[in-house]
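Asker: Enclosed is the structure file data.pdb (PDB, C-alpha atoms).
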```pdb
ATOM      1  CA  MET M1425     -17.320 -26.698   6.758
ATOM      2  CA  LYS M1426     -17.294 -28.449  10.089
ATOM      3  CA  PHE M1427     -18.804 -26.457  12.949
ATOM      4  CA  ILE M1428     -16.799 -26.792  16.157
ATOM      5  CA  PRO M1429     -18.499 -24.512  18.664
ATOM      6  CA  HIS M1430     -16.539 -22.474  21.169
ATOM      7  CA  ASP M1431     -17.498 -23.028  24.794
ATOM      8  CA  TYR M1432     -19.663 -19.899  24.886
ATOM      9  CA  GLN M1433     -21.395 -21.019  21.686
ATOM     10  CA  GLN M1434     -22.096 -24.466  23.111
ATOM     11  CA  TYR M1435     -23.508 -22.835  26.225
ATOM     12  CA  ALA M1436     -25.841 -20.691  24.105
ATOM     13  CA  ILE M1437     -26.912 -23.702  22.028
ATOM     14  CA  GLU M1438     -27.835 -25.654  25.138
ATOM     15  CA  TYR M1439     -29.574 -22.599  26.582
ATOM     16  CA  ILE M1440     -31.890 -22.371  23.579
ATOM     17  CA  GLU M1441     -32.536 -26.115  23.724
ATOM     18  CA  THR M1442     -33.442 -26.080  27.408
ATOM     19  CA  HIS M1443     -35.527 -22.877  27.455
ATOM     20  CA  GLU M1444     -38.835 -22.704  25.632
ATOM     21  CA  VAL M1445     -38.559 -18.911  25.858
ATOM     22  CA  ALA M1446     -35.109 -17.364  25.434
ATOM     23  CA  ALA M1447     -33.548 -13.959  24.781
ATOM     24  CA  ILE M1448     -30.036 -14.345  23.368
ATOM     25  CA  LEU M1449     -28.204 -11.020  23.515
ATOM     26  CA  LEU M1450     -24.906 -11.492  21.692
ATOM     27  CA  ASP M1451     -22.599  -8.942  20.112
ATOM     28  CA  MET M1452     -21.922  -9.113  16.398
ATOM     29  CA  GLY M1453     -19.281 -11.680  15.569
ATOM     30  CA  LEU M1454     -20.210 -14.214  18.242
ATOM     31  CA  GLY M1455     -22.118 -16.429  15.807
ATOM     32  CA  LYS M1456     -25.795 -15.921  16.694
ATOM     33  CA  THR M1457     -27.050 -17.530  13.476
ATOM     34  CA  ALA M1458     -24.848 -20.644  13.656
ATOM     35  CA  ILE M1459     -25.687 -21.061  17.347
ATOM     36  CA  THR M1460     -29.407 -20.835  16.680
ATOM     37  CA  LEU M1461     -29.346 -23.104  13.639
ATOM     38  CA  THR M1462     -27.484 -25.770  15.596
ATOM     39  CA  ALA M1463     -30.066 -25.612  18.361
ATOM     40  CA  LEU M1464     -32.871 -25.788  15.784
ATOM     41  CA  TYR M1465     -31.261 -28.824  14.184
ATOM     42  CA  ASP M1466     -31.055 -30.609  17.536
ATOM     43  CA  LEU M1467     -34.638 -29.709  18.457
ATOM     44  CA  LEU M1468     -35.896 -30.835  15.039
ATOM     45  CA  PHE M1469     -33.964 -34.042  14.493
ATOM     46  CA  ASP M1470     -32.525 -35.214  17.824
ATOM     47  CA  TYR M1471     -35.155 -34.254  20.393
ATOM     48  CA  PHE M1472     -38.205 -34.091  18.062
ATOM     49  CA  GLU M1473     -39.439 -31.098  20.064
ATOM     50  CA  ILE M1474     -40.431 -29.068  17.002
ATOM     51  CA  THR M1475     -41.457 -29.675  13.395
ATOM     52  CA  ARG M1476     -41.903 -26.260  11.753
ATOM     53  CA  VAL M1477     -39.835 -23.149  12.448
ATOM     54  CA  LEU M1478     -40.462 -19.553  11.386
ATOM     55  CA  VAL M1479     -37.478 -17.203  11.309
ATOM     56  CA  ILE M1480     -38.282 -13.470  11.211
ATOM     57  CA  ALA M1481     -35.327 -11.298  10.178
ATOM     58  CA  PRO M1482     -34.374  -8.047   8.448
ATOM     59  CA  LEU M1483     -34.740  -8.408   4.671
ATOM     60  CA  ARG M1484     -31.060  -8.747   3.777
ATOM     61  CA  VAL M1485     -30.440 -11.128   6.657
ATOM     62  CA  ALA M1486     -33.481 -13.219   5.709
ATOM     63  CA  ARG M1487     -32.548 -13.351   2.046
ATOM     64  CA  ASN M1488     -28.799 -13.886   2.411
ATOM     65  CA  THR M1489     -27.416 -14.595   5.886
ATOM     66  CA  TRP M1490     -29.671 -17.437   7.037
ATOM     67  CA  PRO M1491     -29.489 -19.412   3.745
ATOM     68  CA  GLN M1492     -25.720 -18.895   3.562
ATOM     69  CA  GLU M1493     -25.236 -20.150   7.112
ATOM     70  CA  ILE M1494     -27.378 -23.230   6.462
ATOM     71  CA  GLU M1495     -25.377 -24.030   3.318
ATOM     72  CA  LYS M1496     -22.064 -23.313   5.030
ATOM     73  CA  TRP M1497     -22.065 -25.874   7.838
ATOM     74  CA  ASP M1498     -21.777 -29.623   7.230
ATOM     75  CA  HIS M1499     -24.057 -30.639  10.091
ATOM     76  CA  LEU M1500     -26.955 -28.647   8.620
ATOM     77  CA  LYS M1501     -26.922 -30.318   5.205
ATOM     78  CA  ASP M1502     -30.227 -32.140   5.822
ATOM     79  CA  VAL M1503     -32.111 -29.012   6.867
ATOM     80  CA  ARG M1504     -34.839 -28.079   4.391
ATOM     81  CA  TYR M1505     -35.440 -24.341   4.280
ATOM     82  CA  SER M1506     -37.557 -21.937   2.284
ATOM     83  CA  VAL M1507     -36.980 -18.190   1.977
ATOM     84  CA  ALA M1508     -40.276 -16.297   1.750
ATOM     85  CA  VAL M1509     -39.304 -12.846   0.488
ATOM     86  CA  GLY M1510     -40.177 -10.934  -2.666
ATOM     87  CA  THR M1511     -43.593 -10.561  -4.265
ATOM     88  CA  GLU M1512     -46.724 -11.976  -2.660
ATOM     89  CA  LYS M1513     -46.764 -14.762  -5.274
ATOM     90  CA  GLU M1514     -43.146 -15.654  -4.467
ATOM     91  CA  ARG M1515     -43.840 -15.627  -0.725
ATOM     92  CA  LEU M1516     -46.885 -17.857  -1.054
ATOM     93  CA  GLU M1517     -44.930 -20.321  -3.190
ATOM     94  CA  ALA M1518     -42.156 -20.367  -0.587
ATOM     95  CA  PHE M1519     -44.568 -21.109   2.264
ATOM     96  CA  ARG M1520     -46.203 -23.917   0.289
ATOM     97  CA  ARG M1521     -42.903 -25.753  -0.109
ATOM     98  CA  ASP M1522     -42.231 -28.589   2.298
ATOM     99  CA  ALA M1523     -39.536 -27.333   4.657
ATOM    100  CA  ASP M1524     -38.304 -27.438   8.245
ATOM    101  CA  ILE M1525     -37.437 -23.731   8.468
ATOM    102  CA  TYR M1526     -39.302 -20.878   6.780
ATOM    103  CA  ILE M1527     -37.562 -17.509   6.653
ATOM    104  CA  ILE M1528     -39.465 -14.227   6.249
ATOM    105  CA  ASN M1529     -38.514 -10.574   6.450
ATOM    106  CA  ARG M1530     -39.971  -8.662   9.382
ATOM    107  CA  GLU M1531     -41.947  -6.258   7.169
ATOM    108  CA  ASN M1532     -44.188  -9.143   6.086
ATOM    109  CA  VAL M1533     -45.122 -10.505   9.517
ATOM    110  CA  GLN M1534     -48.473  -8.720   9.450
ATOM    111  CA  TRP M1535     -49.150 -10.038   5.944
ATOM    112  CA  LEU M1536     -48.370 -13.601   7.013
ATOM    113  CA  VAL M1537     -50.593 -13.466  10.092
ATOM    114  CA  GLU M1538     -53.515 -11.418   8.787
ATOM    115  CA  ASP M1539     -53.579 -11.412   4.983
ATOM    116  CA  SER M1540     -51.841 -14.481   3.545
ATOM    117  CA  GLY M1541     -54.624 -16.957   4.255
ATOM    118  CA  LEU M1542     -52.012 -19.444   5.456
ATOM    119  CA  PRO M1543     -52.308 -21.202   8.818
ATOM    120  CA  PHE M1544     -49.846 -19.993  11.429
ATOM    121  CA  ASP M1545     -48.813 -23.490  12.484
ATOM    122  CA  TYR M1546     -45.223 -22.965  13.603
ATOM    123  CA  ASP M1547     -44.227 -24.543  16.884
ATOM    124  CA  MET M1548     -41.085 -22.409  17.100
ATOM    125  CA  VAL M1549     -40.410 -18.786  16.142
ATOM    126  CA  VAL M1550     -36.987 -17.144  15.928
ATOM    127  CA  ILE M1551     -36.897 -13.338  15.926
ATOM    128  CA  ASP M1552     -33.542 -12.329  14.490
ATOM    129  CA  GLU M1553     -33.105  -8.755  15.697
ATOM    130  CA  LEU M1554     -35.467  -8.661  18.638
ATOM    131  CA  SER M1555     -35.147  -4.873  18.784
ATOM    132  CA  SER M1556     -37.313  -4.795  15.621
ATOM    133  CA  PHE M1557     -40.212  -5.464  18.002
ATOM    134  CA  LYS M1558     -39.471  -2.679  20.475
ATOM    135  CA  SER M1559     -42.519  -0.633  19.427
ATOM    136  CA  TYR M1560     -45.762  -1.888  20.953
ATOM    137  CA  GLN M1561     -47.654   0.286  18.460
ATOM    138  CA  ALA M1562     -46.116  -1.344  15.375
ATOM    139  CA  LYS M1563     -48.291  -3.547  13.187
ATOM    140  CA  ARG M1564     -45.740  -6.363  13.237
ATOM    141  CA  PHE M1565     -45.777  -6.403  17.053
ATOM    142  CA  ARG M1566     -49.555  -6.577  17.230
ATOM    143  CA  ALA M1567     -49.774  -9.242  14.532
ATOM    144  CA  LEU M1568     -47.215 -11.518  16.168
ATOM    145  CA  LEU M1569     -48.860 -11.060  19.551
ATOM    146  CA  LYS M1570     -52.114 -12.443  18.126
ATOM    147  CA  VAL M1571     -50.550 -15.806  17.266
ATOM    148  CA  ARG M1572     -47.971 -15.945  20.062
ATOM    149  CA  PRO M1573     -50.139 -18.135  22.395
ATOM    150  CA  GLY M1574     -50.041 -20.956  19.845
ATOM    151  CA  VAL M1575     -46.229 -20.957  19.576
ATOM    152  CA  LYS M1576     -44.527 -23.566  21.746
ATOM    153  CA  ARG M1577     -40.993 -22.159  21.610
ATOM    154  CA  ILE M1578     -39.614 -18.714  20.843
ATOM    155  CA  VAL M1579     -36.157 -17.173  20.832
ATOM    156  CA  GLY M1580     -35.192 -13.539  20.333
ATOM    157  CA  LEU M1581     -31.725 -12.634  19.054
ATOM    158  CA  THR M1582     -30.098  -9.222  19.202
ATOM    159  CA  GLY M1583     -26.949  -7.352  20.076
ATOM    160  CA  THR M1584     -28.747  -4.155  21.138
ATOM    161  CA  PRO M1585     -31.906  -4.978  23.113
ATOM    162  CA  SER M1586     -32.432  -1.465  24.488
ATOM    163  CA  SER M1587     -30.781   0.923  22.044
ATOM    164  CA  ASN M1588     -33.148   3.718  23.097
ATOM    165  CA  GLY M1589     -33.248   2.846  26.761
ATOM    166  CA  LEU M1590     -34.987   0.410  29.084
ATOM    167  CA  MET M1591     -38.451   1.352  27.820
ATOM    168  CA  ASP M1592     -37.715  -0.707  24.675
ATOM    169  CA  LEU M1593     -37.531  -3.912  26.662
ATOM    170  CA  TRP M1594     -41.227  -4.076  27.500
ATOM    171  CA  ALA M1595     -42.502  -4.814  23.979
ATOM    172  CA  GLU M1596     -39.616  -7.166  23.201
ATOM    173  CA  PHE M1597     -40.249  -9.315  26.248
ATOM    174  CA  ARG M1598     -44.036  -9.008  25.898
ATOM    175  CA  VAL M1599     -43.685 -10.874  22.587
ATOM    176  CA  LEU M1600     -41.362 -13.445  24.098
ATOM    177  CA  ASP M1601     -43.089 -14.375  27.367
ATOM    178  CA  MET M1602     -46.563 -12.823  26.843
ATOM    179  CA  GLY M1603     -46.028 -10.418  29.717
ATOM    180  CA  ARG M1604     -45.053 -12.812  32.495
ATOM    181  CA  ARG M1605     -41.963 -10.904  33.583
ATOM    182  CA  LEU M1606     -42.439  -7.235  32.713
ATOM    183  CA  GLY M1607     -46.232  -7.210  32.741
ATOM    184  CA  ARG M1608     -48.955  -7.319  30.129
ATOM    185  CA  PHE M1609     -49.472  -3.558  29.938
ATOM    186  CA  ILE M1610     -46.973  -0.837  29.055
ATOM    187  CA  THR M1611     -48.682   1.600  31.446
ATOM    188  CA  ARG M1612     -48.007  -0.647  34.436
ATOM    189  CA  TYR M1613     -44.422  -1.259  33.342
ATOM    190  CA  ARG M1614     -43.910   2.484  32.966
ATOM    191  CA  SER M1615     -45.365   3.339  36.365
ATOM    192  CA  ALA M1616     -43.422   0.562  38.122
ATOM    193  CA  TYR M1617     -39.965   1.411  36.782
ATOM    194  CA  PHE M1618     -39.990   4.979  35.422
ATOM    195  CA  GLN M1619     -40.811   8.545  36.324
ATOM    196  CA  PRO M1620     -41.637  11.507  34.058
ATOM    197  CA  ASP M1621     -38.602  13.367  32.765
ATOM    198  CA  LYS M1622     -39.326  16.024  30.153
ATOM    199  CA  ARG M1623     -42.873  17.333  30.364
ATOM    200  CA  ASN M1624     -45.120  20.297  29.699
ATOM    201  CA  ALA M1625     -47.875  20.538  32.323
ATOM    202  CA  GLN M1626     -49.742  17.228  32.041
ATOM    203  CA  VAL M1627     -48.019  16.150  28.811
ATOM    204  CA  VAL M1628     -45.028  13.851  29.399
ATOM    205  CA  PHE M1629     -42.506  13.766  26.559
ATOM    206  CA  SER M1630     -40.040  11.303  28.049
ATOM    207  CA  TYR M1631     -39.404   9.102  31.062
ATOM    208  CA  LYS M1632     -36.310   8.203  33.054
ATOM    209  CA  PRO M1633     -35.745   5.058  35.130
ATOM    210  CA  LEU M1634     -36.432   5.177  38.831
ATOM    211  CA  PRO M1635     -33.446   4.496  41.125
ATOM    212  CA  GLY M1636     -32.680   0.780  41.025
ATOM    213  CA  ALA M1637     -35.036   0.179  38.088
ATOM    214  CA  GLU M1638     -32.349  -1.121  35.743
ATOM    215  CA  ASP M1639     -31.215  -3.835  38.161
ATOM    216  CA  ALA M1640     -34.826  -4.713  38.986
ATOM    217  CA  ILE M1641     -35.744  -5.103  35.306
ATOM    218  CA  TYR M1642     -32.684  -7.232  34.568
ATOM    219  CA  GLU M1643     -33.487  -9.420  37.553
ATOM    220  CA  ARG M1644     -37.030  -9.957  36.248
ATOM    221  CA  ILE M1645     -35.809 -11.206  32.858
ATOM    222  CA  SER M1646     -32.657 -12.997  34.011
ATOM    223  CA  ASP M1647     -34.141 -16.510  33.991
ATOM    224  CA  ILE M1648     -34.715 -16.456  30.206
ATOM    225  CA  THR M1649     -31.836 -14.205  29.102
ATOM    226  CA  ILE M1650     -28.156 -14.599  28.348
ATOM    227  CA  SER M1651     -25.946 -11.685  27.347
ATOM    228  CA  MET M1652     -22.421 -11.840  25.948
ATOM    229  CA  ARG M1653     -20.114  -9.099  24.734
ATOM    230  CA  ALA M1654     -17.582  -9.707  21.967
ATOM    231  CA  GLY M1655     -14.790  -8.179  24.009
ATOM    232  CA  ASP M1656     -15.198 -10.876  26.627
ATOM    233  CA  TYR M1657     -15.136 -13.801  24.213
ATOM    234  CA  LEU M1658     -13.236 -12.801  21.071
ATOM    235  CA  ASP M1659      -9.484 -12.257  20.955
ATOM    236  CA  MET M1660      -9.459  -9.000  19.001
ATOM    237  CA  PRO M1661      -6.681  -6.489  18.417
ATOM    238  CA  GLU M1662      -6.956  -3.273  20.415
TER
END
```
Kindly return the structure encoded in the file as structure tokens.

Answerer:
Amino acid sequence: MKFIPHDYQQYAIEYIETHEVAAILLDMGLGKTAITLTALYDLLFDYFEITRVLVIAPLRVARNTWPQEIEKWDHLKDVRYSVAVGTEKERLEAFRRDADIYIINRENVQWLVEDSGLPFDYDMVVIDELSSFKSYQAKRFRALLKVRPGVKRIVGLTGTPSSNGLMDLWAEFRVLDMGRRLGRFITRYRSAYFQPDKRNAQVVFSYKPLPGAEDAIYERISDITISMRAGDYLDMPE
């Protein structure tokens, strides 16, 4: 099938191509995967900016959606991809194949970085569902952070970047820009933009944003972020 991007899709494609770090916040149905694959194709074969891409996605999306989208569009027919899911033996075999794009499920990021014995030599990483990295205590977050300095380009995709509030954004953007915009430490981010909410004496159970914090946070990340809602771009019945 021939891919003819809508204007908003072309804008997002060019945004990924012109930003080494990008957060693409698009509602479901706006074509995040096709947009990203088109940008990857251009960066691989037109601009020669990258040579090896790692896509990190939820298991079903890694196993089905990304391969189906690559097979679907005519302009991606030359893209070599390898899906590294399943048993450890199957994953190792997948990573040893010669490919342009390697696709792994997010549960195996720690394995890839710390236990696989494979070099982490990807010059671009795509995190499909950036909100999967909202916990700074998660093993996948810590593993990816270890190898992040060696990654030339990174893009995070999601429709819900802060499903549990603005506190989620710190870890997500820490992975993307290594702390340049929201700081390297969660404690400093928390003290700069939040105040204690529910607490018992010295124990704080939750935080709420300070007045003006939301706008201030969005301003800090605005130079690497685009956000689009389906209602603004898709002609849908009421």

Asker: Using all atoms listed in the file, can you tell me which of M:Val1477, M:Ile1440, M:Met1425, M:Leu1634 comes closest to M:Val1579?

Answerer: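 Looking at the shortest contact to M:Val1579, the residue is M:Ile1440.
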
Asker: Restricting the calculation to all atoms listed in the file, which member of M:Ile1641, M:Ile1525, M:Leu1468, M:Met1452 is positioned closest to M:Trp1490?

Answerer: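 Closest to M:Trp1490, using all atoms listed in the file: M:Ile1525.
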
Asker: Evaluate the PyMOL selection byres ((chain M and resi 1608) around 12) against this structure - the residues, as a ChimeraX atom specification, please.

Answerer: /M:1560,1569,1594-1607,1609-1614

Asker: Once you have the residues from the selection above, write them out as a JSON list (two decimals), in the coordinates of the input, restricted to C-alpha atoms.

Answerer:
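Heads up, here's the output in again_29.json:
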```json
[["chain", "number", "residue", "atom", "x", "y", "z"],
["M", 1560, "TYR", "CA", -45.76, -1.89, 20.95],
["M", 1569, "LEU", "CA", -48.86, -11.06, 19.55],
["M", 1594, "TRP", "CA", -41.23, -4.08, 27.50],
["M", 1595, "ALA", "CA", -42.50, -4.81, 23.98],
["M", 1596, "GLU", "CA", -39.62, -7.17, 23.20],
["M", 1597, "PHE", "CA", -40.25, -9.32, 26.25],
["M", 1598, "ARG", "CA", -44.04, -9.01, 25.90],
["M", 1599, "VAL", "CA", -43.68, -10.87, 22.59],
["M", 1600, "LEU", "CA", -41.36, -13.44, 24.10],
["M", 1601, "ASP", "CA", -43.09, -14.38, 27.37],
["M", 1602, "MET", "CA", -46.56, -12.82, 26.84],
["M", 1603, "GLY", "CA", -46.03, -10.42, 29.72],
["M", 1604, "ARG", "CA", -45.05, -12.81, 32.49],
["M", 1605, "ARG", "CA", -41.96, -10.90, 33.58],
["M", 1606, "LEU", "CA", -42.44, -7.24, 32.71],
["M", 1607, "GLY", "CA", -46.23, -7.21, 32.74],
["M", 1609, "PHE", "CA", -49.47, -3.56, 29.94],
["M", 1610, "ILE", "CA", -46.97, -0.84, 29.06],
["M", 1611, "THR", "CA", -48.68, 1.60, 31.45],
["M", 1612, "ARG", "CA", -48.01, -0.65, 34.44],
["M", 1613, "TYR", "CA", -44.42, -1.26, 33.34],
["M", 1614, "ARG", "CA", -43.91, 2.48, 32.97]]
```

Asker: Find the residues near M:Asp1451: any atom within 8 Å, counting all atoms listed in the file, skip ones fewer than 2 places away on the same chain, and give them as a list in words.

Answerer: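 After dropping sequence-adjacent residues, the list is Leu1449, Gly1453, Leu1454, Thr1582, Gly1583, Thr1584, Met1652, Arg1653 and Ala1654 of chain M.
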
Asker: Do you know which residues are at most 9 Å from M:Glu1444 counting only C-alpha atoms, after dropping those on the same chain fewer than 2 positions away, and could you put them as a VMD selection string?

Answerer: chain M and resid 1440 to 1442 1446 1548 1576 to 1579 1648

Asker: If you measure from atom CA of M:Lys1496 to atom CA of M:Lys1426, what distance in Å do you get, rounded to one decimal?

Answerer: 8.6 Å

Asker: Once the PyMOL selection byres ((chain M and resi 1516-1521) around 10) has been applied to the shown file, what residues remain in the selection, as a ChimeraX atom specification?

Answerer: /M:1504-1515,1522-1528,1536,1540-1542

Asker: Of the residues M:Leu1593, M:Lys1570, M:Ser1630, M:Pro1620, which is the one nearest to M:Arg1644, using only C-alpha atoms?

Answerer: M:Leu1593

Asker: Could you pull the residues within 8 Å of stretch 1459-1465 of chain M, counting only C-alpha atoms, minus those fewer than 5 positions along the same chain, as a list in words?

Answerer: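 Here the answer would be Gln1433, Gln1434, Ala1436, Ile1437, Glu1438, Ile1440, Glu1441, Asp1470, Ile1494, Leu1500 and Val1503 of chain M.
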
Asker: Pull C-alpha atoms from the residues just selected and write them as a compact mmCIF listing (two decimals), in the coordinates of the input.

Answerer:
```txt
# COMPACT_ATOMS: atom_id res chain seq x y z
CA GLN M 1433 -21.40 -21.02 21.69
CA GLN M 1434 -22.10 -24.47 23.11
CA ALA M 1436 -25.84 -20.69 24.10
CA ILE M 1437 -26.91 -23.70 22.03
CA GLU M 1438 -27.84 -25.65 25.14
CA ILE M 1440 -31.89 -22.37 23.58
CA GLU M 1441 -32.54 -26.12 23.72
CA ASP M 1470 -32.52 -35.21 17.82
CA ILE M 1494 -27.38 -23.23 6.46
CA LEU M 1500 -26.96 -28.65 8.62
CA VAL M 1503 -32.11 -29.01 6.87
```

Asker: Which distance in Å separates atom CA of M:Ile1551 and atom CA of M:Thr1457, to one decimal?

Answerer: 11.0 Å
